[in-house]
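This is structure28.cif. It holds mmCIF, C-alpha atoms.
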```cif
data_upload
#
loop_
_atom_site.group_PDB
_atom_site.id
_atom_site.type_symbol
_atom_site.label_atom_id
_atom_site.label_comp_id
_atom_site.auth_asym_id
_atom_site.auth_seq_id
_atom_site.Cartn_x
_atom_site.Cartn_y
_atom_site.Cartn_z
ATOM 1 C CA MET A 1 -16.681 63.237 -31.555
ATOM 2 C CA SER A 2 -13.540 64.707 -32.977
ATOM 3 C CA LEU A 3 -12.114 63.769 -36.323
ATOM 4 C CA ARG A 4 -9.052 62.264 -34.676
ATOM 5 C CA SER A 5 -11.110 59.900 -32.567
ATOM 6 C CA LEU A 6 -13.119 58.854 -35.623
ATOM 7 C CA LEU A 7 -9.991 58.030 -37.592
ATOM 8 C CA PHE A 8 -8.497 56.091 -34.696
ATOM 9 C CA GLY A 9 -11.668 53.999 -34.392
ATOM 10 C CA LEU A 10 -11.662 53.195 -38.127
ATOM 11 C CA ILE A 11 -8.001 52.135 -37.923
ATOM 12 C CA VAL A 12 -8.722 49.812 -34.984
ATOM 13 C CA VAL A 13 -11.722 48.254 -36.723
ATOM 14 C CA SER A 14 -9.744 47.761 -39.914
ATOM 15 C CA ALA A 15 -6.883 46.140 -37.972
ATOM 16 C CA VAL A 16 -9.259 43.743 -36.274
ATOM 17 C CA VAL A 17 -10.883 42.801 -39.567
ATOM 18 C CA ILE A 18 -7.515 42.257 -41.261
ATOM 19 C CA LEU A 19 -6.263 40.144 -38.327
ATOM 20 C CA GLY A 20 -9.386 38.005 -38.413
ATOM 21 C CA ILE A 21 -9.055 37.402 -42.140
ATOM 22 C CA PHE A 22 -5.362 36.462 -41.663
ATOM 23 C CA LEU A 23 -6.093 33.994 -38.857
ATOM 24 C CA GLN A 24 -8.910 32.413 -40.844
ATOM 25 C CA SER A 25 -6.611 31.874 -43.809
ATOM 26 C CA LEU A 26 -4.038 30.193 -41.567
ATOM 27 C CA LEU A 27 -6.593 27.805 -40.138
ATOM 28 C CA ALA A 28 -7.890 26.941 -43.598
ATOM 29 C CA ALA A 29 -4.393 26.207 -44.907
ATOM 30 C CA LYS A 30 -3.443 23.863 -42.012
ATOM 31 C CA PRO A 31 -3.420 20.215 -43.323
ATOM 32 C CA GLU A 32 -5.537 17.627 -41.617
ATOM 33 C CA ASN A 33 -3.737 14.631 -40.013
ATOM 34 C CA LYS A 34 -5.632 11.808 -41.706
ATOM 35 C CA PRO A 35 -4.316 8.219 -41.207
ATOM 36 C CA VAL A 36 -2.676 6.700 -44.289
ATOM 37 C CA ALA A 37 -4.120 3.311 -45.263
ATOM 38 C CA ILE A 38 -1.467 0.559 -45.565
ATOM 39 C CA ALA A 39 -2.172 -2.135 -48.125
ATOM 40 C CA ASN A 40 -2.226 -5.799 -47.097
ATOM 41 C CA GLN A 41 0.612 -8.137 -48.016
ATOM 42 C CA VAL A 42 0.199 -11.149 -50.313
ATOM 43 C CA LEU A 43 2.321 -14.309 -50.328
ATOM 44 C CA VAL A 44 4.394 -14.555 -53.531
ATOM 45 C CA ALA A 45 7.252 -16.753 -54.750
ATOM 46 C CA SER A 46 10.725 -15.444 -53.948
ATOM 47 C CA VAL A 47 12.331 -17.769 -56.536
ATOM 48 C CA ASN A 48 11.112 -19.820 -59.483
ATOM 49 C CA LEU A 49 9.190 -22.769 -58.033
ATOM 50 C CA PRO A 50 8.867 -25.890 -60.210
ATOM 51 C CA ARG A 51 5.894 -28.212 -60.058
ATOM 52 C CA GLY A 52 6.212 -30.658 -57.161
ATOM 53 C CA ARG A 53 8.251 -28.334 -54.928
ATOM 54 C CA LEU A 54 7.740 -28.596 -51.164
ATOM 55 C CA LEU A 55 7.276 -25.068 -49.854
ATOM 56 C CA ARG A 56 9.784 -23.752 -47.331
ATOM 57 C CA PRO A 57 9.876 -20.278 -45.744
ATOM 58 C CA GLU A 58 12.844 -19.264 -47.902
ATOM 59 C CA ASP A 59 10.879 -20.089 -51.089
ATOM 60 C CA VAL A 60 8.284 -17.324 -50.549
ATOM 61 C CA LYS A 61 8.010 -13.714 -49.364
ATOM 62 C CA TRP A 62 5.382 -11.080 -48.572
ATOM 63 C CA LYS A 63 4.569 -8.437 -51.175
ATOM 64 C CA SER A 64 2.270 -5.398 -51.051
ATOM 65 C CA ALA A 65 -1.172 -6.067 -52.505
ATOM 66 C CA ASP A 66 -0.873 -2.814 -54.481
ATOM 67 C CA GLU A 67 1.828 -4.518 -56.590
ATOM 68 C CA VAL A 68 -0.260 -7.643 -57.286
ATOM 69 C CA PRO A 69 -3.181 -7.927 -59.741
ATOM 70 C CA ALA A 70 -6.572 -7.595 -58.087
ATOM 71 C CA ALA A 71 -7.698 -11.019 -59.330
ATOM 72 C CA ALA A 72 -4.647 -12.664 -57.723
ATOM 73 C CA VAL A 73 -5.284 -10.845 -54.439
ATOM 74 C CA ALA A 74 -8.857 -12.174 -54.341
ATOM 75 C CA SER A 75 -7.645 -15.795 -54.729
ATOM 76 C CA ALA A 76 -4.360 -15.462 -52.823
ATOM 77 C CA LEU A 77 -3.141 -18.408 -50.781
ATOM 78 C CA ALA A 78 -2.221 -16.223 -47.809
ATOM 79 C CA ILE A 79 -2.715 -12.532 -46.872
ATOM 80 C CA GLN A 80 -1.504 -10.644 -43.830
ATOM 81 C CA PRO A 81 -1.867 -7.006 -42.663
ATOM 82 C CA GLY A 82 0.538 -4.596 -44.306
ATOM 83 C CA GLY A 83 3.473 -2.872 -42.691
ATOM 84 C CA GLY A 84 5.253 -6.031 -41.612
ATOM 85 C CA PRO A 85 8.550 -7.481 -42.855
ATOM 86 C CA THR A 86 8.675 -9.084 -46.283
ATOM 87 C CA GLN A 87 10.631 -12.086 -45.010
ATOM 88 C CA VAL A 88 8.553 -15.184 -44.235
ATOM 89 C CA ASP A 89 9.098 -17.419 -41.215
ATOM 90 C CA ALA A 90 7.527 -20.756 -40.332
ATOM 91 C CA LYS A 91 5.051 -19.146 -37.928
ATOM 92 C CA SER A 92 3.646 -16.685 -40.452
ATOM 93 C CA LEU A 93 3.527 -19.350 -43.169
ATOM 94 C CA GLY A 94 1.483 -21.613 -40.873
ATOM 95 C CA ASP A 95 0.050 -24.805 -42.331
ATOM 96 C CA ASN A 96 1.385 -23.915 -45.766
ATOM 97 C CA VAL A 97 4.841 -25.147 -44.724
ATOM 98 C CA GLY A 98 5.517 -28.309 -46.715
ATOM 99 C CA ALA A 99 2.686 -27.709 -49.183
ATOM 100 C CA ILE A 100 3.382 -29.033 -52.686
ATOM 101 C CA THR A 101 3.092 -26.885 -55.799
ATOM 102 C CA ARG A 102 0.721 -28.084 -58.516
ATOM 103 C CA ARG A 103 2.336 -26.024 -61.308
ATOM 104 C CA ASP A 104 5.428 -23.979 -62.169
ATOM 105 C CA ILE A 105 5.336 -20.614 -60.395
ATOM 106 C CA ALA A 106 7.579 -17.724 -61.463
ATOM 107 C CA ALA A 107 9.398 -15.465 -59.014
ATOM 108 C CA ASP A 108 7.245 -12.590 -57.639
ATOM 109 C CA GLU A 109 4.081 -14.366 -58.798
ATOM 110 C CA ALA A 110 1.303 -14.631 -56.224
ATOM 111 C CA LEU A 111 0.486 -18.099 -54.882
ATOM 112 C CA LEU A 112 -3.190 -18.935 -55.302
ATOM 113 C CA THR A 113 -5.277 -21.347 -53.256
ATOM 114 C CA ASN A 114 -5.413 -23.863 -56.125
ATOM 115 C CA ASP A 115 -1.656 -23.703 -56.725
ATOM 116 C CA VAL A 116 -0.694 -25.975 -53.818
ATOM 117 C CA VAL A 117 -1.766 -29.130 -52.013
ATOM 118 C CA LYS A 118 -1.343 -28.894 -48.256
ATOM 119 C CA PRO A 119 0.001 -31.672 -46.028
ATOM 120 C CA GLY A 120 -2.859 -33.737 -44.696
ATOM 121 C CA ASP A 121 -4.926 -33.399 -47.855
ATOM 122 C CA ARG A 122 -6.017 -36.697 -49.333
ATOM 123 C CA ASP A 123 -4.202 -36.186 -52.630
ATOM 124 C CA PHE A 124 -1.005 -34.809 -51.070
ATOM 125 C CA LEU A 125 1.322 -37.782 -51.692
ATOM 126 C CA PRO A 126 0.102 -38.432 -55.267
ATOM 127 C CA ALA A 127 0.744 -34.758 -56.012
ATOM 128 C CA VAL A 128 4.242 -34.986 -54.519
ATOM 129 C CA LEU A 129 5.294 -38.006 -56.564
ATOM 130 C CA ALA A 130 7.042 -37.472 -59.882
ATOM 131 C CA PRO A 131 5.380 -39.142 -62.895
ATOM 132 C CA GLY A 132 6.017 -42.900 -62.769
ATOM 133 C CA ALA A 133 7.531 -42.815 -59.261
ATOM 134 C CA ARG A 134 6.413 -44.776 -56.200
ATOM 135 C CA ALA A 135 6.239 -43.938 -52.486
ATOM 136 C CA VAL A 136 7.844 -46.545 -50.227
ATOM 137 C CA THR A 137 7.881 -46.378 -46.423
ATOM 138 C CA VAL A 138 10.672 -48.064 -44.476
ATOM 139 C CA SER A 139 11.848 -48.297 -40.884
ATOM 140 C CA VAL A 140 15.270 -46.738 -40.601
ATOM 141 C CA SER A 141 17.769 -45.355 -38.090
ATOM 142 C CA THR A 142 17.226 -41.935 -39.615
ATOM 143 C CA LEU A 143 17.546 -39.736 -36.548
ATOM 144 C CA SER A 144 20.633 -41.248 -34.948
ATOM 145 C CA GLY A 145 24.294 -40.613 -35.533
ATOM 146 C CA SER A 146 25.578 -37.914 -37.880
ATOM 147 C CA SER A 147 22.149 -37.270 -39.461
ATOM 148 C CA ALA A 148 20.320 -36.568 -36.179
ATOM 149 C CA GLY A 149 17.874 -33.703 -36.634
ATOM 150 C CA LEU A 150 19.214 -32.806 -40.076
ATOM 151 C CA ILE A 151 16.899 -34.674 -42.439
ATOM 152 C CA TYR A 152 13.678 -32.987 -43.529
ATOM 153 C CA PRO A 153 10.990 -33.734 -46.121
ATOM 154 C CA GLY A 154 12.248 -32.500 -49.468
ATOM 155 C CA ASP A 155 15.876 -33.491 -48.792
ATOM 156 C CA HIS A 156 17.684 -36.046 -50.958
ATOM 157 C CA VAL A 157 19.372 -39.036 -49.346
ATOM 158 C CA ASP A 158 21.163 -42.319 -50.021
ATOM 159 C CA LEU A 159 19.893 -45.537 -48.442
ATOM 160 C CA LEU A 160 22.451 -47.694 -46.608
ATOM 161 C CA LEU A 161 21.881 -51.369 -45.757
ATOM 162 C CA THR A 162 23.946 -52.971 -42.956
ATOM 163 C CA GLN A 163 23.917 -56.765 -42.553
ATOM 164 C CA LYS A 164 25.423 -59.141 -40.006
ATOM 165 C CA PHE A 165 26.017 -62.825 -40.769
ATOM 166 C CA ASN A 166 26.021 -65.209 -37.789
ATOM 167 C CA GLU A 167 28.022 -67.884 -39.603
ATOM 168 C CA PRO A 168 31.031 -69.183 -37.590
ATOM 169 C CA ASN A 169 32.725 -70.583 -40.682
ATOM 170 C CA LEU A 170 33.083 -67.070 -42.140
ATOM 171 C CA PRO A 171 36.192 -64.976 -41.315
ATOM 172 C CA ILE A 172 35.473 -62.436 -38.603
ATOM 173 C CA GLY A 173 36.071 -59.571 -41.030
ATOM 174 C CA ARG A 174 33.403 -60.931 -43.394
ATOM 175 C CA ARG A 175 30.535 -61.147 -40.920
ATOM 176 C CA THR A 176 29.407 -57.489 -41.223
ATOM 177 C CA VAL A 177 28.899 -55.514 -44.443
ATOM 178 C CA GLY A 178 27.355 -52.216 -45.450
ATOM 179 C CA GLU A 179 25.953 -51.385 -48.904
ATOM 180 C CA ASP A 180 24.713 -48.188 -50.539
ATOM 181 C CA ILE A 181 21.691 -49.767 -52.212
ATOM 182 C CA ALA A 182 19.887 -46.640 -53.518
ATOM 183 C CA GLN A 183 21.063 -43.113 -54.280
ATOM 184 C CA ASN A 184 19.483 -39.671 -54.570
ATOM 185 C CA LEU A 185 16.083 -40.526 -53.090
ATOM 186 C CA ARG A 186 13.741 -37.678 -52.143
ATOM 187 C CA VAL A 187 12.293 -37.727 -48.616
ATOM 188 C CA LEU A 188 8.507 -37.279 -48.757
ATOM 189 C CA ALA A 189 7.637 -37.641 -45.072
ATOM 190 C CA ILE A 190 9.100 -38.546 -41.688
ATOM 191 C CA ASP A 191 6.564 -40.648 -39.814
ATOM 192 C CA HIS A 192 3.291 -38.768 -40.496
ATOM 193 C CA TYR A 193 4.945 -35.356 -40.556
ATOM 194 C CA THR A 194 5.466 -33.917 -44.005
ATOM 195 C CA GLN A 195 6.446 -30.513 -42.629
ATOM 196 C CA GLY A 196 9.530 -31.847 -40.880
ATOM 197 C CA GLY A 197 11.052 -29.567 -38.266
ATOM 198 C CA THR A 198 10.299 -26.284 -40.030
ATOM 199 C CA ILE A 199 6.810 -25.866 -38.612
ATOM 200 C CA ALA A 200 6.463 -23.696 -35.533
ATOM 201 C CA ASN A 201 5.678 -26.446 -33.024
ATOM 202 C CA SER A 202 7.339 -26.676 -29.624
ATOM 203 C CA ASN A 203 6.915 -30.463 -29.607
ATOM 204 C CA GLU A 204 8.361 -30.960 -33.081
ATOM 205 C CA PRO A 205 11.959 -31.774 -31.969
ATOM 206 C CA GLN A 206 10.657 -34.535 -29.690
ATOM 207 C CA LEU A 207 8.411 -35.857 -32.449
ATOM 208 C CA ARG A 208 11.281 -35.943 -34.922
ATOM 209 C CA ASN A 209 13.704 -37.561 -32.471
ATOM 210 C CA SER A 210 11.234 -40.414 -31.964
ATOM 211 C CA ALA A 211 10.634 -40.914 -35.691
ATOM 212 C CA ARG A 212 11.073 -44.458 -36.918
ATOM 213 C CA THR A 213 9.682 -44.459 -40.465
ATOM 214 C CA VAL A 214 10.543 -42.458 -43.561
ATOM 215 C CA THR A 215 8.616 -42.299 -46.834
ATOM 216 C CA LEU A 216 10.868 -42.078 -49.899
ATOM 217 C CA GLU A 217 10.253 -41.425 -53.575
ATOM 218 C CA ALA A 218 11.764 -44.125 -55.798
ATOM 219 C CA GLU A 219 11.466 -45.759 -59.185
ATOM 220 C CA PRO A 220 9.341 -48.938 -59.225
ATOM 221 C CA THR A 221 12.327 -51.326 -59.422
ATOM 222 C CA VAL A 222 14.159 -49.460 -56.666
ATOM 223 C CA ALA A 223 11.033 -49.507 -54.490
ATOM 224 C CA VAL A 224 10.925 -53.311 -54.726
ATOM 225 C CA LYS A 225 14.641 -53.451 -53.922
ATOM 226 C CA ILE A 226 14.082 -51.336 -50.812
ATOM 227 C CA GLU A 227 11.244 -53.578 -49.630
ATOM 228 C CA VAL A 228 13.497 -56.664 -49.920
ATOM 229 C CA ALA A 229 16.347 -54.869 -48.144
ATOM 230 C CA SER A 230 14.092 -54.068 -45.181
ATOM 231 C CA ASP A 231 14.028 -57.817 -44.390
ATOM 232 C CA LEU A 232 17.787 -58.274 -44.712
ATOM 233 C CA GLY A 233 19.214 -55.885 -42.116
ATOM 234 C CA LYS A 234 19.246 -52.337 -40.728
ATOM 235 C CA LEU A 235 18.508 -49.381 -43.003
ATOM 236 C CA SER A 236 19.987 -45.900 -42.496
ATOM 237 C CA LEU A 237 19.845 -42.613 -44.409
ATOM 238 C CA ILE A 238 22.812 -40.563 -45.625
ATOM 239 C CA LEU A 239 22.059 -36.896 -46.322
ATOM 240 C CA ARG A 240 23.152 -35.601 -49.739
ATOM 241 C CA SER A 241 24.191 -32.084 -50.716
ATOM 242 C CA LEU A 242 21.784 -29.557 -52.222
ATOM 243 C CA ASP A 243 23.337 -30.143 -55.661
ATOM 244 C CA THR A 244 21.099 -33.114 -56.418
ATOM 245 C CA GLY A 245 22.138 -33.092 -60.075
ATOM 246 C CA ALA A 246 25.706 -34.084 -59.235
ATOM 247 C CA THR A 247 26.029 -37.857 -58.999
ATOM 248 C CA SER A 248 29.069 -39.678 -57.721
ATOM 249 C CA LYS A 249 29.777 -43.159 -59.031
ATOM 250 C CA ILE A 250 30.227 -45.780 -56.326
ATOM 251 C CA ASP A 251 33.121 -48.038 -57.329
ATOM 252 C CA ASN A 252 32.725 -50.388 -54.348
ATOM 253 C CA PRO A 253 29.044 -50.465 -53.348
ATOM 254 C CA GLU A 254 29.734 -52.812 -50.411
ATOM 255 C CA VAL A 255 32.143 -52.207 -47.527
ATOM 256 C CA TRP A 256 33.095 -55.157 -45.305
ATOM 257 C CA ALA A 257 34.115 -54.932 -41.668
ATOM 258 C CA VAL A 258 37.661 -55.936 -42.591
ATOM 259 C CA ASP A 259 37.809 -52.953 -44.990
ATOM 260 C CA THR A 260 36.856 -50.590 -42.168
ATOM 261 C CA SER A 261 38.838 -51.778 -39.139
ATOM 262 C CA ASN A 262 42.623 -52.250 -39.097
ATOM 263 C CA ALA A 263 42.195 -54.318 -35.949
ATOM 264 C CA LEU A 264 40.061 -56.849 -37.828
ATOM 265 C CA GLN A 265 42.653 -56.986 -40.593
ATOM 266 C CA GLU A 266 45.330 -57.887 -38.036
ATOM 267 C CA LEU A 267 43.040 -60.339 -36.253
ATOM 268 C CA SER A 268 42.223 -62.140 -39.488
ATOM 269 C CA LYS A 269 45.930 -63.014 -39.867
ATOM 270 C CA TYR A 270 45.764 -65.130 -36.704
ATOM 271 C CA ALA A 271 42.423 -66.724 -37.396
ATOM 272 C CA PRO A 272 42.629 -70.535 -37.524
ATOM 273 C CA VAL A 273 42.445 -72.164 -40.923
ATOM 274 C CA LEU A 274 39.252 -74.166 -41.213
ATOM 275 C CA GLU A 275 39.539 -77.747 -42.421
ATOM 276 C CA ALA A 276 37.822 -78.618 -45.648
ATOM 277 C CA PRO A 277 34.609 -80.540 -45.032
ATOM 278 C CA LYS A 278 34.951 -84.298 -45.482
ATOM 279 C CA PRO A 279 33.015 -85.815 -48.368
ATOM 280 C CA ILE A 280 29.825 -87.590 -47.438
ATOM 281 C CA PRO A 281 30.108 -91.350 -48.247
ATOM 282 C CA PRO A 282 27.547 -92.707 -50.693
ATOM 283 C CA ALA A 283 24.538 -94.443 -49.267
ATOM 284 C CA ALA A 284 24.771 -98.242 -48.989
ATOM 285 C CA PRO A 285 22.712 -100.207 -51.516
ATOM 286 C CA PRO A 286 19.468 -101.656 -50.156
ATOM 287 C CA HIS A 287 19.412 -105.275 -48.974
ATOM 288 C CA ILE A 288 17.030 -107.644 -50.746
ATOM 289 C CA VAL A 289 15.034 -110.209 -48.735
ATOM 290 C CA MET A 290 13.245 -113.078 -50.486
ATOM 291 C CA VAL A 291 9.966 -114.146 -48.851
ATOM 292 C CA TYR A 292 8.310 -117.483 -49.735
ATOM 293 C CA ARG A 293 4.633 -118.087 -49.243
ATOM 294 C CA GLY A 294 3.794 -121.545 -50.549
ATOM 295 C CA ASP A 295 4.867 -121.546 -54.171
ATOM 296 C CA GLN A 296 4.921 -117.730 -54.335
ATOM 297 C CA ALA A 297 8.182 -115.756 -53.846
ATOM 298 C CA THR A 298 8.400 -111.995 -53.262
ATOM 299 C CA THR A 299 11.355 -109.622 -52.707
ATOM 300 C CA ASN A 300 11.591 -106.658 -50.290
ATOM 301 C CA ASN A 301 14.249 -103.939 -49.838
ATOM 302 C CA VAL A 302 15.471 -103.757 -46.232
ATOM 303 C CA THR A 303 18.215 -101.507 -44.768
ATOM 304 C CA ASP A 304 20.786 -102.247 -42.038
ATOM 305 C CA LEU A 305 21.056 -105.976 -42.960
ATOM 306 C CA PRO A 306 24.027 -107.941 -44.237
ATOM 307 C CA ALA A 307 24.416 -108.018 -47.986
ATOM 308 C CA PRO A 308 22.557 -110.856 -49.697
ATOM 309 C CA PRO A 309 24.460 -113.751 -51.348
ATOM 310 C CA ALA A 310 25.478 -113.457 -54.992
ATOM 311 C CA ALA A 311 22.831 -115.983 -56.112
ATOM 312 C CA LEU A 312 19.494 -116.554 -54.470
ATOM 313 C CA PRO A 313 18.468 -120.218 -53.885
ATOM 314 C CA ALA A 314 15.605 -121.591 -55.896
ATOM 315 C CA ALA A 315 12.256 -122.043 -54.227
ATOM 316 C CA PRO A 316 11.627 -125.624 -52.942
ATOM 317 C CA ALA A 317 9.298 -127.763 -55.037
ATOM 318 C CA ALA A 318 5.780 -128.271 -53.765
ATOM 319 C CA VAL A 319 5.149 -131.654 -52.000
ATOM 320 C CA LYS A 320 2.523 -133.821 -53.679
ATOM 321 C CA ASN A 321 0.267 -136.023 -51.597
#
```

Could the structure of this file be written out as structure tokens, please?
Amino acid sequence: MSLRSLLFGLIVVSAVVILGIFLQSLLAAKPENKPVAIANQVLVASVNLPRGRLLRPEDVKWKSADEVPAAAVASALAIQPGGGPTQVDAKSLGDNVGAITRRDIAADEALLTNDVVKPGDRDFLPAVLAPGARAVTVSVSTLSGSSAGLIYPGDHVDLLLTQKFNEPNLPIGRRTVGEDIAQNLRVLAIDHYTQGGTIANSNEPQLRNSARTVTLEAEPTVAVKIEVASDLGKLSLILRSLDTGATSKIDNPEVWAVDTSNALQELSKYAPVLEAPKPIPPAAPPHIVMVYRGDQATTNNVTDLPAPPAALPAAPAAVKN
């Protein structure tokens, strides 16, 4: 073998070795495509929640479990797989819609299982009530007229009483009256539904449209007043604004039909003037009848007889044998 052939063979072998080492280094440096683990999401408060607050989807949000203490994650009220949106809807919140908070919860703080009382729990209504308040249930025309479908548990309302008086002696404009008998009452439940229309339920609109009772939170004296009003006429709810702290003074709590309708005002001008009732004459004095039995005389009061004489005759003397 010539020297040139030997050198050529060494060069080829060296090239192969160098190429192998280069390819091996490339394969070793190539990163592996390992899946990245996404942390679960924990339900936290999106705003400061005071004690006694009815949870709504806008009150909470989803937050990565990596940003929440491990102890809070273990006792979290709700957890969902990570990677989803942080915004909460009624479907993802589930049966926690309308739950009541047991304590004050700061924004971004995780909600724990013991922090709320869910609707349907035995102690739900007592937990909802403010200290010293009462829960009163009334039959109202809640879901008709301008408030149809707009009143939910947690809203604040005024209670309106409408009465009709079937008294012909009254002017026609004074036979119907409406009164705002209670203001700024919190709605606790509509029928048996404390979640209202926010829960993801396809039958919920029909259930709410057929609602006939509403449970309200009221002071003890107001609760008694509402119970009496339920026997006097029709009760209706008036929805208040979100600014529950602003109170408007009612100068005229009652509004008569004549104050509402111009037609009744005109009609009352042509209404006949009722005659004053005639005085009732005094009752006639009783008539006295004298009854003689032998030498005994008795008197009796008898009505509808002519008046007795001014002086009664003396009893006849007994006849002696």

Grab the atom CA of A:Gln41 to atom CA of A:Asp123 distance for me, in Å with one decimal place.
->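 Computing the Euclidean distance for atom CA of A:Gln41 and atom CA of A:Asp123 yields 28.8 Å.
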
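Atom pair atom CA of A:Ser46 / atom CA of A:Asp104: separated by 13.0 Å.
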
Any chance you could work out the residue set of the PyMOL selection byres ((chain A and resi 71-81) around 8) here, as a PyMOL selection string?
-> chain A and resi 39-43+65+68-70+82-84+110-114

The PyMOL selection byres ((chain A and resi 185) around 7) on the file shown: which residues, as a PyMOL selection string?
-> chain A and resi 156-158+183-184+186-187+216-218

Residue contacts of A:Val47 (12 Å, only C-alpha atoms) excluding same-chain residues fewer than 6 positions away, as a list in words =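 Using only C-alpha atoms, the neighbours found are Arg53, Leu55, Arg56, Pro57, Glu58, Asp59, Val60, Lys61, Asp104, Ile105, Ala106, Ala107, Asp108, Glu109, Ala110 and Leu111 of chain A.
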
On this structure, which residues satisfy the PyMOL selection byres ((chain A and resi 256) around 10), written as a ChimeraX atom specification?
-> /A:162-163,173-179,254-255,257-261

Expressed in Å to a single decimal, how great is the separation between atom CA of A:Thr213 and atom CA of A:Leu239?
-> 15.6 Å

Which neighbours of A:Pro131 fall inside 10 Å, counting only C-alpha atoms, when residues of the same chain fewer than 4 positions from it are skipped, and could you give them as a ChimeraX atom specification?
-> /A:126-127,219

Output C-alpha atoms for every residue in that selection, as a short mmCIF file (atom, residue, chain, number, x, y, z; two decimals), keeping the file's coordinate frame.
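Writing the result to out.cif gives the following:
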```cif
data_model
loop_
_atom_site.label_atom_id
_atom_site.label_comp_id
_atom_site.auth_asym_id
_atom_site.auth_seq_id
_atom_site.Cartn_x
_atom_site.Cartn_y
_atom_site.Cartn_z
CA PRO A 126 0.10 -38.43 -55.27
CA ALA A 127 0.74 -34.76 -56.01
CA GLU A 219 11.47 -45.76 -59.18
#
```

For each of A:Thr137, A:Thr299, A:Asn169, A:Ser268, take the minimum atom-to-atom distance to A:Val214, counting only C-alpha atoms, then give the residue where this is smallest.
->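 Using only C-alpha atoms, the shortest distance to A:Val214 belongs to A:Thr137.
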
Would you list the contacts of A:Lys225 as a PyMOL selection string, taking every protein, DNA or RNA residue within 12 Å and counting only C-alpha atoms, but skipping same-chain residues closer than 3 positions in sequence?
-> chain A and resi 136+138+159+161+180-182+218-222+228-232

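Checking A:Asn96, A:Leu49, A:Lys234, A:Lys63 one by one against A:Lys164, counting only C-alpha atoms, you find the shortest gap at A:Lys234.
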
Go through A:Leu7, A:Ala99, A:Val44, A:Ile288 and flag the residue nearest A:Phe124, using all atoms listed in the file for the distances.
->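 Using all atoms listed in the file, the shortest distance to A:Phe124 belongs to A:Ala99.
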
Using all atoms listed in the file, find the one residue out of A:Ile151, A:Val224, A:Pro171, A:Ser236 that sits nearest to A:Ala133.
-> A:Val224
